[in-house]
Amino acid sequence: MSKRTKNIKVGIAQAEPALFDLEAGLAKVASYTKEMAGKGASLALFPEAYLPGYPWGMGFGTVVGNRSPTGRDQWLLYWENAVELPGPAVDQLGTIARSNNVYLVIGVIEKDRMGGTLFCTILYFSPTGALIGKHRKIKPTAAERIIWGEGAGDDLTVYDLPIGRIGGLICWENYMPLARYALYEQGVQIYLAPTADQRPSWQATMKHIACEGRCFVIGCNQYVTKSMFPEAFRGELRLPNEVVCRGGSLVVSPLGNVVAGPLYDQAGVLIAELNLDEVAKGKMDFDVIGHYARPDIFQYNYKKYDGSGKE
């Protein structure tokens, strides 16, 4: 177990994206991370699919039974600006983490090196700049399945770090009870939830997870308008309003109390100080993997997939 710091500051970037432009997006990551580190943050969190952006309202020329050449061209631009592991963008993100002495956690669209598939992924960087882990979304939601593949589920990992045990799920993965339990079972203390969901029900979900897991929950969204999309795509967006995503980033305590945010209708950062003693105190009366569990009734045999194809 790592030597633990009880009081830490976390930073949440409710950042406007540079849609379909990886290099411009990396510049924004550098700027926001520097701002959060300057305010004392040891952990800097960015939203789901921040690089090269979450493609709200786009169909990529798809209907049931047909795809269009224009849609394939749009997807190609998305693919070309996705993040390859290893690759130059990963190196730049490591440099950003190291130069600001922070743990950097960011949602990216990951390009599979051996094929063409894209994955919605979280990357974890240490203050040394090392990539210490990643998690691929195990179930893309609705039309996301057209453009993203499914993760294998072998990376539902909580990292034991000096700032606490951190781990996360992406957007609607957080509605999957057994995926959450995989993190609870590993003793998650700081639960990260990068998302593209701006609805009031998401706020309720963040509070529920905090109470259920008796952990700090950090929800991170982004602020997006139609004008941020490439001009050639704007006429095709299936969206009723100029503001595409209002945000709603927040931090919730292990007892379900909001300690920072929610931030709406603007880009910006949230800074919150967390005392990890609150995690232990919350488990006095509820511990979902401990005294409030009933293993004699319920059995949960989560096994990490090793990629071999064998049981």
# chains A, B, ... in the order shown; residues from 1 in each chain; ligands from 1
$ select_by_dssp --residues "region 72-215 of chain A" --states "helix (DSSP H, G or I)" --output "ChimeraX atom specification"
/A:72-80,88-100,144-147,171-175,177-184,200-213
$ residues_around --residues "Ala44 (chain A)" --least-positions-apart "2" --cutoff "9 Å" --atoms "only C-alpha atoms" --output "PyMOL selection string"
chain A and resi 10-13+32-33+36-37+41-42+46+97+102-106
$ atom_distance --atom1 "CA of Gly168 (chain A)" --atom2 "CA of Ala18 (chain A)"
23.6 Å
$ closest_residue --among "A:Leu123, A:Val269, A:Met114, A:Leu250" --to "Asp91 (chain A)" --atoms "only C-alpha atoms"
A:Leu123
$ residues_around --residues "region 215-226 of chain A" --least-positions-apart "2" --cutoff "6 Å" --atoms "only C-alpha atoms" --output "ChimeraX atom specification"
/A:14-16,47,189-196,210,213,228-229,242-247,249-254,266-267,279
$ closest_residue --among "A:Asp287, A:Glu23, A:Glu80, A:Glu150" --to "Leu93 (chain A)" --atoms "only C-alpha atoms"
A:Glu23
